[in-house]
file work_8.tsv (TSV, C-alpha atoms)
chain	number	residue	atom	x	y	z
A	13	MET	CA	-35.50	14.55	21.64
A	14	SER	CA	-31.79	14.50	20.82
A	15	SER	CA	-29.43	15.86	23.40
A	16	PRO	CA	-27.15	18.85	22.61
A	17	SER	CA	-24.15	16.53	22.47
A	18	GLU	CA	-25.89	14.29	19.92
A	19	LEU	CA	-26.90	17.27	17.81
A	20	ALA	CA	-23.32	18.54	17.84
A	21	THR	CA	-22.04	15.27	16.37
A	22	MET	CA	-24.95	14.53	14.04
A	23	ALA	CA	-23.94	14.05	10.39
A	24	THR	CA	-25.76	17.11	8.99
A	25	LYS	CA	-25.49	18.05	5.31
A	26	PRO	CA	-23.19	21.07	5.98
A	27	ARG	CA	-20.94	18.81	8.08
A	28	ARG	CA	-20.85	16.15	5.35
A	29	ASP	CA	-20.13	18.77	2.69
A	30	ALA	CA	-17.28	20.19	4.77
A	31	GLN	CA	-15.85	16.72	5.35
A	32	ARG	CA	-15.99	15.94	1.62
A	33	ALA	CA	-14.30	19.25	0.77
A	34	ALA	CA	-11.54	18.57	3.29
A	35	GLU	CA	-11.03	15.02	1.96
A	36	LYS	CA	-10.91	16.27	-1.63
A	37	GLN	CA	-8.24	18.84	-0.75
A	38	ARG	CA	-6.25	16.20	1.15
A	39	LEU	CA	-6.21	13.94	-1.90
A	40	ILE	CA	-5.27	16.82	-4.23
A	41	ASP	CA	-2.37	17.77	-1.95
A	42	LEU	CA	-1.33	14.11	-1.73
A	43	ARG	CA	-1.20	13.75	-5.52
A	44	THR	CA	0.79	16.96	-5.87
A	45	ARG	CA	3.31	15.97	-3.19
A	46	ILE	CA	3.90	12.45	-4.50
A	47	SER	CA	4.08	13.68	-8.11
A	48	ALA	CA	6.91	16.02	-7.10
A	49	GLU	CA	8.65	13.18	-5.24
A	50	LEU	CA	8.34	10.92	-8.29
A	51	ALA	CA	9.83	13.60	-10.54
A	52	THR	CA	12.74	14.08	-8.13
A	53	THR	CA	13.49	10.34	-7.96
A	54	ARG	CA	13.49	10.09	-11.76
A	55	ALA	CA	15.92	12.99	-12.03
A	56	THR	CA	18.16	11.44	-9.36
A	57	VAL	CA	18.25	8.07	-11.12
A	58	ASN	CA	19.07	9.71	-14.45
A	59	THR	CA	21.85	11.77	-12.88
A	60	LEU	CA	23.42	8.79	-11.15
A	61	ARG	CA	23.21	6.60	-14.24
A	62	SER	CA	24.81	9.34	-16.36
A	63	LYS	CA	27.61	9.54	-13.81
A	64	ALA	CA	28.07	5.77	-13.96
A	65	ASP	CA	28.17	5.85	-17.77
A	66	SER	CA	30.77	8.61	-17.66
A	67	GLU	CA	32.91	6.64	-15.20
A	68	GLN	CA	32.76	3.54	-17.39
A	69	ARG	CA	33.61	5.45	-20.57
A	70	GLU	CA	36.60	7.09	-18.87
A	71	ALA	CA	37.78	3.74	-17.51
A	72	ALA	CA	37.39	2.03	-20.89
A	73	GLU	CA	39.36	4.78	-22.63
A	74	GLN	CA	42.11	4.66	-20.03
A	75	ARG	CA	42.39	0.87	-20.38
A	76	ALA	CA	42.53	1.18	-24.18
A	77	LEU	CA	45.43	3.66	-23.83
A	78	ARG	CA	47.16	1.59	-21.18
A	79	MET	CA	50.48	1.57	-23.06
A	80	LEU	CA	50.62	5.38	-22.94
A	81	TYR	CA	50.44	5.53	-19.15
A	82	PRO	CA	53.28	4.72	-16.74
A	83	GLN	CA	53.16	1.04	-15.85
A	84	THR	CA	52.91	2.03	-12.21
A	85	SER	CA	49.54	3.72	-12.79
A	86	PRO	CA	46.67	1.63	-11.36
A	87	LEU	CA	44.36	0.03	-13.89
A	88	PRO	CA	40.86	1.52	-13.51
A	89	PRO	CA	38.08	-0.94	-12.59
A	90	SER	CA	35.70	-2.07	-15.33
A	91	GLU	CA	32.67	-1.72	-13.07
A	92	VAL	CA	31.25	1.39	-11.40
A	93	SER	CA	32.33	2.03	-7.83
A	94	ALA	CA	30.49	0.18	-5.07
A	95	ASP	CA	29.24	3.46	-3.55
A	96	LEU	CA	27.79	4.63	-6.87
A	97	ALA	CA	26.18	1.23	-7.55
A	98	GLU	CA	24.59	1.31	-4.10
A	99	ALA	CA	23.31	4.85	-4.69
A	100	ILE	CA	21.78	3.83	-8.03
A	101	ALA	CA	20.08	0.81	-6.44
A	102	LEU	CA	18.61	2.94	-3.65
A	103	ALA	CA	17.42	5.64	-6.06
A	104	SER	CA	15.86	3.01	-8.33
A	105	ALA	CA	14.02	1.46	-5.37
A	106	HIS	CA	12.83	4.92	-4.32
A	107	GLY	CA	11.57	5.54	-7.85
A	108	ALA	CA	9.71	2.21	-7.99
A	109	ALA	CA	8.07	2.89	-4.62
A	110	ALA	CA	7.19	6.47	-5.62
A	111	ARG	CA	5.50	5.22	-8.80
A	112	ALA	CA	3.38	2.79	-6.77
A	113	ALA	CA	2.52	5.53	-4.23
A	114	TYR	CA	1.54	7.94	-7.02
A	115	GLU	CA	-0.66	5.34	-8.72
A	116	SER	CA	-2.34	4.75	-5.36
A	117	ALA	CA	-2.96	8.47	-4.87
A	118	GLU	CA	-4.50	8.69	-8.36
A	119	LEU	CA	-6.74	5.70	-7.70
A	120	GLU	CA	-7.78	6.99	-4.28
A	121	TYR	CA	-8.80	10.31	-5.85
A	122	ALA	CA	-10.74	8.46	-8.56
A	123	TRP	CA	-12.57	6.45	-5.88
A	124	PHE	CA	-13.43	9.64	-4.03
A	125	ARG	CA	-14.81	11.36	-7.14
A	126	ARG	CA	-16.86	8.33	-8.15
A	127	HIS	CA	-18.28	7.84	-4.66
A	128	THR	CA	-19.27	11.49	-4.26
A	129	ALA	CA	-20.80	11.52	-7.75
A	130	THR	CA	-23.01	8.61	-6.73
A	131	GLN	CA	-23.97	10.45	-3.55
A	132	ARG	CA	-24.89	13.57	-5.53
A	133	ALA	CA	-27.07	11.51	-7.85
A	134	GLY	CA	-29.15	10.70	-4.80
A	135	ARG	CA	-30.09	7.27	-6.09
A	136	LYS	CA	-32.00	5.18	-3.63
A	137	PRO	CA	-31.62	1.42	-3.67
A	138	GLY	CA	-34.37	-0.56	-5.29
A	139	ALA	CA	-36.08	-3.38	-3.52
A	140	ALA	CA	-33.33	-5.45	-1.96
A	141	GLU	CA	-33.50	-9.24	-2.07
A	142	MET	CA	-31.49	-11.94	-0.39
A	143	ALA	CA	-28.05	-12.29	-1.97
A	144	HIS	CA	-26.58	-15.55	-3.16
A	145	GLY	CA	-23.20	-14.90	-1.60
A	146	ARG	CA	-19.82	-14.60	-3.26
A	147	ARG	CA	-21.22	-14.91	-6.79
A	148	ASP	CA	-23.01	-11.58	-6.29
A	149	VAL	CA	-19.63	-9.83	-5.88
A	150	VAL	CA	-19.03	-8.83	-9.50
A	151	ALA	CA	-17.32	-5.40	-9.49
A	152	PRO	CA	-13.52	-4.86	-9.59
A	153	GLY	CA	-13.75	-3.18	-6.21
A	154	TYR	CA	-16.12	-1.76	-3.61
A	155	VAL	CA	-16.44	1.22	-1.31
A	156	VAL	CA	-17.64	-0.32	1.97
A	157	SER	CA	-19.41	2.03	4.37
A	158	GLN	CA	-20.34	1.14	7.92
A	159	LEU	CA	-23.66	2.79	8.80
A	160	ARG	CA	-24.86	3.28	12.37
A	161	ARG	CA	-27.32	5.44	14.28
A	162	ARG	CA	-25.65	8.14	16.34
A	163	GLY	CA	-28.75	8.51	18.46
A	164	ALA	CA	-31.97	6.61	19.09
A	165	ASP	CA	-33.98	8.82	16.69
A	166	SER	CA	-31.22	9.71	14.22
A	167	PRO	CA	-31.02	8.18	10.73
A	168	MET	CA	-28.34	5.72	9.67
A	169	ALA	CA	-25.09	7.53	8.79
A	170	ALA	CA	-21.66	6.40	7.63
A	171	ILE	CA	-19.13	6.36	10.47
A	172	ASP	CA	-16.29	4.71	8.58
A	173	THR	CA	-15.43	3.85	4.97
A	174	TRP	CA	-12.98	1.40	3.39
A	175	THR	CA	-11.91	0.68	-0.17
A	176	VAL	CA	-11.57	-3.04	-0.90
A	177	SER	CA	-10.80	-5.29	-3.86
A	178	LYS	CA	-13.17	-7.88	-5.30
A	179	THR	CA	-11.25	-10.62	-3.45
A	180	ARG	CA	-11.63	-8.87	-0.11
A	181	ALA	CA	-15.32	-8.12	-0.76
A	182	ARG	CA	-15.94	-11.80	-1.53
A	183	SER	CA	-14.20	-12.75	1.71
A	184	LEU	CA	-16.38	-10.34	3.70
A	185	ILE	CA	-19.63	-11.38	2.06
A	186	GLY	CA	-18.75	-15.06	2.49
A	187	ALA	CA	-18.06	-14.50	6.19
A	188	TRP	CA	-21.41	-12.74	6.71
A	189	MET	CA	-23.27	-15.42	4.74
A	190	ARG	CA	-21.97	-17.97	7.24
A	191	SER	CA	-22.87	-15.78	10.21
A	192	GLU	CA	-26.20	-16.03	12.01
A	193	THR	CA	-26.13	-12.38	13.15
A	194	GLY	CA	-26.64	-10.64	9.81
A	195	TRP	CA	-28.52	-10.75	6.51
A	196	VAL	CA	-26.85	-10.19	3.13
A	197	LEU	CA	-28.97	-8.37	0.53
A	198	ARG	CA	-28.48	-7.00	-2.97
A	199	ASP	CA	-30.41	-4.48	-5.07
A	200	ASP	CA	-30.89	-3.88	-8.80
A	201	ASP	CA	-27.81	-1.62	-8.93
A	202	GLU	CA	-25.51	-4.48	-7.83
A	203	ARG	CA	-25.10	-2.88	-4.41
A	204	LEU	CA	-24.75	-5.28	-1.50
A	205	PHE	CA	-25.87	-4.75	2.08
A	206	VAL	CA	-25.13	-6.58	5.30
A	207	ALA	CA	-27.86	-5.81	7.84
A	208	THR	CA	-27.49	-6.50	11.55
A	209	PRO	CA	-29.54	-5.26	14.51
A	210	LYS	CA	-26.94	-2.57	15.28
A	211	MET	CA	-25.37	-1.56	11.98
A	212	VAL	CA	-25.45	-1.88	8.18
A	213	LEU	CA	-22.55	-2.43	5.78
A	214	GLU	CA	-23.09	-0.95	2.31
A	215	PHE	CA	-20.95	-2.31	-0.56
A	216	LEU	CA	-20.94	0.26	-3.37
A	217	PRO	CA	-19.50	-1.26	-6.58
A	218	THR	CA	-17.04	0.70	-8.68
A	219	ASP	CA	-15.28	0.21	-11.99
A	220	VAL	CA	-12.14	1.87	-10.60
A	221	ALA	CA	-9.39	-0.40	-9.26
A	222	PRO	CA	-8.82	0.05	-5.50
A	223	PRO	CA	-5.79	2.11	-4.45
A	224	HIS	CA	-2.55	0.36	-3.53
A	225	THR	CA	-1.75	-0.52	0.05
A	226	GLU	CA	1.33	0.58	1.96
A	227	GLY	CA	2.57	-2.98	1.58
A	228	ASP	CA	2.24	-2.74	-2.22
A	229	VAL	CA	4.56	0.29	-2.19
A	230	LEU	CA	7.11	-1.53	-0.04
A	231	ARG	CA	6.96	-4.59	-2.28
A	232	ALA	CA	7.67	-2.40	-5.33
A	233	ALA	CA	10.90	-1.26	-3.64
A	234	LEU	CA	11.77	-4.85	-2.70
A	235	GLU	CA	11.21	-6.02	-6.28
A	236	SER	CA	13.82	-3.53	-7.51
A	237	TYR	CA	16.32	-5.44	-5.34
A	238	ALA	CA	14.96	-8.77	-6.71
A	239	PHE	CA	13.54	-9.82	-3.33
A	240	PRO	CA	10.34	-11.89	-3.34
A	241	SER	CA	7.79	-10.99	-0.66
A	242	PHE	CA	4.21	-11.57	0.43
A	243	LEU	CA	1.62	-10.28	2.87
A	244	ASP	CA	0.80	-12.42	5.91
A	245	HIS	CA	-1.55	-11.89	8.85
A	246	GLU	CA	-2.59	-13.23	12.23
A	247	GLY	CA	-4.82	-11.95	15.02
A	248	GLY	CA	-5.63	-8.67	13.29
A	249	CYS	CA	-1.95	-7.87	12.58
A	250	THR	CA	-0.47	-7.85	9.07
A	251	TRP	CA	3.13	-7.82	7.88
A	252	ILE	CA	5.29	-8.32	4.79
A	253	VAL	CA	7.54	-11.40	4.78
A	254	VAL	CA	10.85	-11.35	2.86
A	255	PRO	CA	13.15	-14.39	2.62
A	256	LEU	CA	16.75	-13.22	3.00
A	257	ASP	CA	17.90	-15.71	0.39
A	258	PRO	CA	16.48	-14.33	-2.90
A	259	GLN	CA	16.62	-17.85	-4.35
A	260	ARG	CA	14.11	-19.08	-1.76
A	261	SER	CA	10.48	-18.94	-2.88
A	262	VAL	CA	7.81	-17.21	-0.84
A	263	ASP	CA	6.15	-20.60	-0.28
A	264	ASP	CA	8.95	-21.64	2.06
A	265	ALA	CA	10.06	-18.20	3.26
A	266	TYR	CA	9.58	-19.17	6.91
A	267	GLN	CA	11.84	-22.20	6.47
A	268	GLY	CA	14.95	-19.99	6.35
A	269	ALA	CA	16.16	-16.63	7.64
A	270	HIS	CA	13.56	-14.00	6.84
A	271	VAL	CA	12.41	-10.47	7.63
A	272	ARG	CA	8.97	-9.41	8.86
A	273	ILE	CA	8.05	-5.81	8.15
A	274	SER	CA	5.14	-3.78	9.48
A	275	SER	CA	4.14	-0.25	10.43
A	276	GLY	CA	2.33	-0.14	13.73
A	277	GLU	CA	1.53	-3.87	13.33
A	278	ARG	CA	-0.04	-3.22	9.91
A	279	ALA	CA	1.07	-3.50	6.30
A	280	ASP	CA	-2.26	-3.50	4.46
A	281	ARG	CA	-3.65	0.01	4.94
A	282	VAL	CA	-4.28	2.29	1.98
A	283	ALA	CA	-0.91	3.83	1.06
A	284	SER	CA	-1.92	7.34	2.15
A	285	GLN	CA	-2.65	6.08	5.68
A	286	HIS	CA	0.97	5.01	6.30
A	287	ASP	CA	1.87	7.15	9.32
A	288	GLU	CA	4.81	5.33	10.95
A	289	VAL	CA	8.10	4.21	9.41
A	290	TRP	CA	8.57	0.53	8.64
A	291	GLY	CA	9.95	-1.71	11.34
A	292	ALA	CA	11.92	-4.67	9.93
A	293	SER	CA	12.81	-7.56	12.24
A	294	VAL	CA	15.00	-10.51	11.24
A	295	TYR	CA	14.05	-14.06	12.28
A	296	ASP	CA	15.85	-17.37	11.81
A	297	ALA	CA	14.45	-20.61	10.39
A	298	ASP	CA	13.08	-21.54	13.83
A	299	ALA	CA	11.11	-18.26	14.08
A	300	GLY	CA	13.60	-16.99	16.65
A	301	TYR	CA	14.14	-13.25	16.78
A	302	VAL	CA	17.63	-12.21	15.60
A	303	THR	CA	17.76	-8.42	15.26
A	304	THR	CA	15.91	-5.32	14.09
A	305	LEU	CA	17.26	-3.38	11.13
A	306	ASP	CA	17.79	0.37	11.41
A	307	PRO	CA	14.61	2.22	10.41
A	308	ALA	CA	14.29	5.17	8.03
A	309	PRO	CA	14.40	8.64	9.60
A	310	ALA	CA	11.14	9.75	11.19
A	311	GLY	CA	9.03	11.79	8.81
A	312	SER	CA	10.20	9.95	5.68
A	313	SER	CA	7.62	9.61	2.92
A	314	LEU	CA	6.22	6.12	2.32
A	315	ALA	CA	8.28	5.76	-0.89
A	316	GLU	CA	11.50	6.91	0.78
A	317	ASP	CA	10.79	4.75	3.84
A	318	SER	CA	10.18	1.70	1.62
A	319	ALA	CA	13.36	2.26	-0.42
A	320	ILE	CA	15.51	2.61	2.71
A	321	CYS	CA	13.91	-0.48	4.26
A	322	ALA	CA	14.60	-2.51	1.09
A	323	SER	CA	18.20	-1.23	1.03
A	324	ARG	CA	18.75	-2.24	4.66
A	325	ILE	CA	17.48	-5.73	3.87
A	326	ALA	CA	19.73	-6.04	0.81
A	327	THR	CA	22.80	-5.00	2.83
A	328	TYR	CA	21.99	-7.42	5.64
A	329	ALA	CA	21.32	-10.28	3.19
A	330	ASP	CA	24.66	-9.65	1.44
A	331	ARG	CA	26.50	-9.90	4.74
A	332	LEU	CA	24.57	-13.00	5.77
A	333	LEU	CA	25.12	-14.87	2.50
A	334	SER	CA	28.82	-13.95	2.26
A	335	ARG	CA	29.69	-15.57	5.60
call {"tool": "encode", "arguments": {"input": "work_8.tsv", "output": "structure tokens"}}
result
Amino acid sequence: MSSPSELATMATKPRRDAQRAAEKQRLIDLRTRISAELATTRATVNTLRSKADSEQREAAEQRALRMLYPQTSPLPPSEVSADLAEAIALASAHGAAARAAYESAELEYAWFRRHTATQRAGRKPGAAEMAHGRRDVVAPGYVVSQLRRRGADSPMAAIDTWTVSKTRARSLIGAWMRSETGWVLRDDDERLFVATPKMVLEFLPTDVAPPHTEGDVLRAALESYAFPSFLDHEGGCTWIVVPLDPQRSVDDAYQGAHVRISSGERADRVASQHDEVWGASVYDADAGYVTTLDPAPAGSSLAEDSAICASRIATYADRLLSR
């Protein structure tokens, strides 16, 4: 018989329904919040660009009428002021990051709706057979659920869920095919299962692209500053690498001064899970630590955090390359 504590934590249908309702509302609120942020960034960029156009028109007219002004009057610059140019660059980076974050929120909501629709259909897997490995991973993405028993007599229930791309799913299936502790199966619905004595991994295929990661949003901001970047990992930690010389390719980023960026030692979580501002540390060509760039204010949205981080890197790189 299950103990009271096990019964209290058992994944009953009312509990699952409440959890799904809470997750649905979270994703709706997320989409609404990021949509408003995206609209604000677009308006800001348009306002700043209009101001820049006005400044340039005024300067051009004043230069054309130069002979009518006292010769002691300063000649207006042909370019927009440095402060305005910097503000436009930051707003553009914020807009690029906000677009990526909004796309991620839309995709995450689509994943949720598709997954719950499959659950409501109540389809049971057909007879599963041994999988052939990576070639059985055919869908654009997968919802991977880890199933365990919460008690000796309780049924298998999902305790955690991830959304992964086809590439990641192939990596996981390949790893389990090489392992001697699990069996990889597939059914007629193209679902994959990894069975071990203690848990089961269910790979539910979907035709919806997986949501963007927090690193994808940061990279969108970096791209607006023309910085190349890539995701790297070691020992369970992930980070974004940015060569400080924009002319240096990502293939040899570590051969020169570069920045490593992570949030709580991660840079590959789903965008909505970003819960700590980016930390950006500068390293030299010998992998020696140089300095840490100022972070964004606590509580910044992922898009705002990413834009500020990219701006800090651009400012530091300008100083470094102008020496």
call {"tool": "atom_distance", "arguments": {"input": "work_8.tsv", "atom1": "CA of Ser274 in chain A", "atom2": "CA of Val155 in chain A"}}
result
24.6 Å
call {"tool": "closest_residue", "arguments": {"input": "work_8.tsv", "among": "A:Glu35, A:Asp263, A:Glu202, A:Asp172", "to": "Ser157 in chain A", "atoms": "all atoms listed in the file"}}
result
A:Asp172
call {"tool": "closest_residue", "arguments": {"input": "work_8.tsv", "among": "A:Ile171, A:Ala110, A:Ile40, A:Ala310", "to": "Ala233 in chain A", "atoms": "only C-alpha atoms"}}
result
A:Ala110
call {"tool": "atom_distance", "arguments": {"input": "work_8.tsv", "atom1": "CA of Lys63 in chain A", "atom2": "CA of Leu102 in chain A"}}
result
15.1 Å
call {"tool": "atom_distance", "arguments": {"input": "work_8.tsv", "atom1": "CA of Val220 in chain A", "atom2": "CA of Gln31 in chain A"}}
result
22.1 Å
call {"tool": "residues_around", "arguments": {"input": "work_8.tsv", "residues": "Cys249 in chain A", "least_positions_apart": "2", "cutoff": "12 Å", "atoms": "only C-alpha atoms", "output": "mmCIF file with C-alpha atoms, keeping the file's coordinate frame"}}
result
data_model
loop_
_atom_site.group_PDB
_atom_site.id
_atom_site.type_symbol
_atom_site.label_atom_id
_atom_site.label_comp_id
_atom_site.auth_asym_id
_atom_site.auth_seq_id
_atom_site.Cartn_x
_atom_site.Cartn_y
_atom_site.Cartn_z
ATOM 1 C CA LEU A 243 1.620 -10.280 2.870
ATOM 2 C CA ASP A 244 0.800 -12.420 5.910
ATOM 3 C CA HIS A 245 -1.550 -11.890 8.850
ATOM 4 C CA GLU A 246 -2.590 -13.230 12.230
ATOM 5 C CA GLY A 247 -4.820 -11.950 15.020
ATOM 6 C CA TRP A 251 3.130 -7.820 7.880
ATOM 7 C CA ILE A 252 5.290 -8.320 4.790
ATOM 8 C CA ARG A 272 8.970 -9.410 8.860
ATOM 9 C CA ILE A 273 8.050 -5.810 8.150
ATOM 10 C CA SER A 274 5.140 -3.780 9.480
ATOM 11 C CA SER A 275 4.140 -0.250 10.430
ATOM 12 C CA GLY A 276 2.330 -0.140 13.730
ATOM 13 C CA GLU A 277 1.530 -3.870 13.330
ATOM 14 C CA ARG A 278 -0.040 -3.220 9.910
ATOM 15 C CA ALA A 279 1.070 -3.500 6.300
ATOM 16 C CA ASP A 280 -2.260 -3.500 4.460
ATOM 17 C CA ARG A 281 -3.650 0.010 4.940
#
call {"tool": "decode", "arguments": {"input": "work_8.tsv", "residues": "range 218-304 of chain A", "atoms": "C-alpha atoms", "output": "PDB file, in the first residue's frame"}}
result
ATOM      1  CA  THR A 218       6.519  16.627 -33.656  1.00  0.00           C
ATOM      2  CA  ASP A 219       6.292  18.607 -36.872  1.00  0.00           C
ATOM      3  CA  VAL A 220       6.821  21.855 -34.953  1.00  0.00           C
ATOM      4  CA  ALA A 221      10.354  23.265 -34.812  1.00  0.00           C
ATOM      5  CA  PRO A 222      11.763  23.316 -31.253  1.00  0.00           C
ATOM      6  CA  PRO A 223      11.786  26.685 -29.455  1.00  0.00           C
ATOM      7  CA  HIS A 224      14.936  28.802 -29.461  1.00  0.00           C
ATOM      8  CA  THR A 225      17.439  28.588 -26.653  1.00  0.00           C
ATOM      9  CA  GLU A 226      18.614  31.488 -24.509  1.00  0.00           C
ATOM     10  CA  GLY A 227      21.864  31.323 -26.452  1.00  0.00           C
ATOM     11  CA  ASP A 228      19.979  31.759 -29.747  1.00  0.00           C
ATOM     12  CA  VAL A 229      18.490  35.012 -28.427  1.00  0.00           C
ATOM     13  CA  LEU A 230      21.917  36.271 -27.348  1.00  0.00           C
ATOM     14  CA  ARG A 231      23.418  35.355 -30.709  1.00  0.00           C
ATOM     15  CA  ALA A 232      20.684  37.351 -32.489  1.00  0.00           C
ATOM     16  CA  ALA A 233      21.799  40.431 -30.534  1.00  0.00           C
ATOM     17  CA  LEU A 234      25.463  39.701 -31.289  1.00  0.00           C
ATOM     18  CA  GLU A 235      24.717  39.350 -35.006  1.00  0.00           C
ATOM     19  CA  SER A 236      23.269  42.873 -35.058  1.00  0.00           C
ATOM     20  CA  TYR A 237      26.751  44.053 -34.003  1.00  0.00           C
ATOM     21  CA  ALA A 238      28.330  41.779 -36.675  1.00  0.00           C
ATOM     22  CA  PHE A 239      29.978  39.524 -34.085  1.00  0.00           C
ATOM     23  CA  PRO A 240      30.324  35.823 -34.952  1.00  0.00           C
ATOM     24  CA  SER A 241      29.625  33.394 -32.105  1.00  0.00           C
ATOM     25  CA  PHE A 242      29.056  29.736 -31.317  1.00  0.00           C
ATOM     26  CA  LEU A 243      27.924  27.460 -28.507  1.00  0.00           C
ATOM     27  CA  ASP A 244      30.560  25.385 -26.710  1.00  0.00           C
ATOM     28  CA  HIS A 245      30.355  22.953 -23.802  1.00  0.00           C
ATOM     29  CA  GLU A 246      32.396  20.927 -21.340  1.00  0.00           C
ATOM     30  CA  GLY A 247      31.574  18.921 -18.233  1.00  0.00           C
ATOM     31  CA  GLY A 248      27.862  19.727 -18.317  1.00  0.00           C
ATOM     32  CA  CYS A 249      28.453  23.496 -18.671  1.00  0.00           C
ATOM     33  CA  THR A 250      27.616  25.439 -21.831  1.00  0.00           C
ATOM     34  CA  TRP A 251      28.605  28.920 -22.957  1.00  0.00           C
ATOM     35  CA  ILE A 252      28.644  31.226 -25.988  1.00  0.00           C
ATOM     36  CA  VAL A 253      32.077  32.098 -27.401  1.00  0.00           C
ATOM     37  CA  VAL A 254      32.631  35.451 -29.159  1.00  0.00           C
ATOM     38  CA  PRO A 255      35.964  36.420 -30.763  1.00  0.00           C
ATOM     39  CA  LEU A 256      36.664  40.070 -29.976  1.00  0.00           C
ATOM     40  CA  ASP A 257      38.096  40.608 -33.441  1.00  0.00           C
ATOM     41  CA  PRO A 258      35.039  40.406 -35.746  1.00  0.00           C
ATOM     42  CA  GLN A 259      37.360  39.431 -38.616  1.00  0.00           C
ATOM     43  CA  ARG A 260      38.376  36.245 -36.790  1.00  0.00           C
ATOM     44  CA  SER A 261      36.288  33.191 -37.663  1.00  0.00           C
ATOM     45  CA  VAL A 262      34.608  31.078 -35.013  1.00  0.00           C
ATOM     46  CA  ASP A 263      36.896  28.180 -35.979  1.00  0.00           C
ATOM     47  CA  ASP A 264      39.871  29.932 -34.393  1.00  0.00           C
ATOM     48  CA  ALA A 265      38.036  32.052 -31.817  1.00  0.00           C
ATOM     49  CA  TYR A 266      40.104  30.628 -28.967  1.00  0.00           C
ATOM     50  CA  GLN A 267      43.331  31.607 -30.739  1.00  0.00           C
ATOM     51  CA  GLY A 268      42.783  35.295 -29.929  1.00  0.00           C
ATOM     52  CA  ALA A 269      41.089  37.450 -27.310  1.00  0.00           C
ATOM     53  CA  HIS A 270      37.538  36.229 -26.818  1.00  0.00           C
ATOM     54  CA  VAL A 271      34.513  36.394 -24.528  1.00  0.00           C
ATOM     55  CA  ARG A 272      32.730  33.463 -22.890  1.00  0.00           C
ATOM     56  CA  ILE A 273      29.127  34.115 -21.915  1.00  0.00           C
ATOM     57  CA  SER A 274      26.818  32.019 -19.772  1.00  0.00           C
ATOM     58  CA  SER A 275      23.925  32.299 -17.342  1.00  0.00           C
ATOM     59  CA  GLY A 276      24.432  30.131 -14.295  1.00  0.00           C
ATOM     60  CA  GLU A 277      26.963  28.052 -16.289  1.00  0.00           C
ATOM     61  CA  ARG A 278      24.382  27.449 -19.043  1.00  0.00           C
ATOM     62  CA  ALA A 279      23.596  28.967 -22.428  1.00  0.00           C
ATOM     63  CA  ASP A 280      21.454  26.254 -24.008  1.00  0.00           C
ATOM     64  CA  ARG A 281      18.223  26.237 -22.006  1.00  0.00           C
ATOM     65  CA  VAL A 282      14.895  27.035 -23.637  1.00  0.00           C
ATOM     66  CA  ALA A 283      14.668  30.840 -23.843  1.00  0.00           C
ATOM     67  CA  SER A 284      11.847  31.080 -21.295  1.00  0.00           C
ATOM     68  CA  GLN A 285      14.016  29.337 -18.672  1.00  0.00           C
ATOM     69  CA  HIS A 286      16.639  32.119 -18.659  1.00  0.00           C
ATOM     70  CA  ASP A 287      16.516  33.239 -15.021  1.00  0.00           C
ATOM     71  CA  GLU A 288      19.885  34.939 -14.414  1.00  0.00           C
ATOM     72  CA  VAL A 289      21.531  37.769 -16.355  1.00  0.00           C
ATOM     73  CA  TRP A 290      24.402  36.916 -18.687  1.00  0.00           C
ATOM     74  CA  GLY A 291      27.896  36.864 -17.282  1.00  0.00           C
ATOM     75  CA  ALA A 292      30.544  37.771 -19.884  1.00  0.00           C
ATOM     76  CA  SER A 293      34.208  37.090 -19.113  1.00  0.00           C
ATOM     77  CA  VAL A 294      37.107  38.117 -21.358  1.00  0.00           C
ATOM     78  CA  TYR A 295      40.025  35.731 -21.972  1.00  0.00           C
ATOM     79  CA  ASP A 296      43.265  36.183 -23.891  1.00  0.00           C
ATOM     80  CA  ALA A 297      44.732  33.924 -26.575  1.00  0.00           C
ATOM     81  CA  ASP A 298      46.323  31.739 -23.881  1.00  0.00           C
ATOM     82  CA  ALA A 299      42.940  31.158 -22.164  1.00  0.00           C
ATOM     83  CA  GLY A 300      43.996  33.468 -19.345  1.00  0.00           C
ATOM     84  CA  TYR A 301      41.241  35.366 -17.583  1.00  0.00           C
ATOM     85  CA  VAL A 302      41.364  39.131 -18.247  1.00  0.00           C
ATOM     86  CA  THR A 303      38.204  40.743 -16.876  1.00  0.00           C
ATOM     87  CA  THR A 304      34.435  40.445 -16.515  1.00  0.00           C
TER      88      THR A 304
END
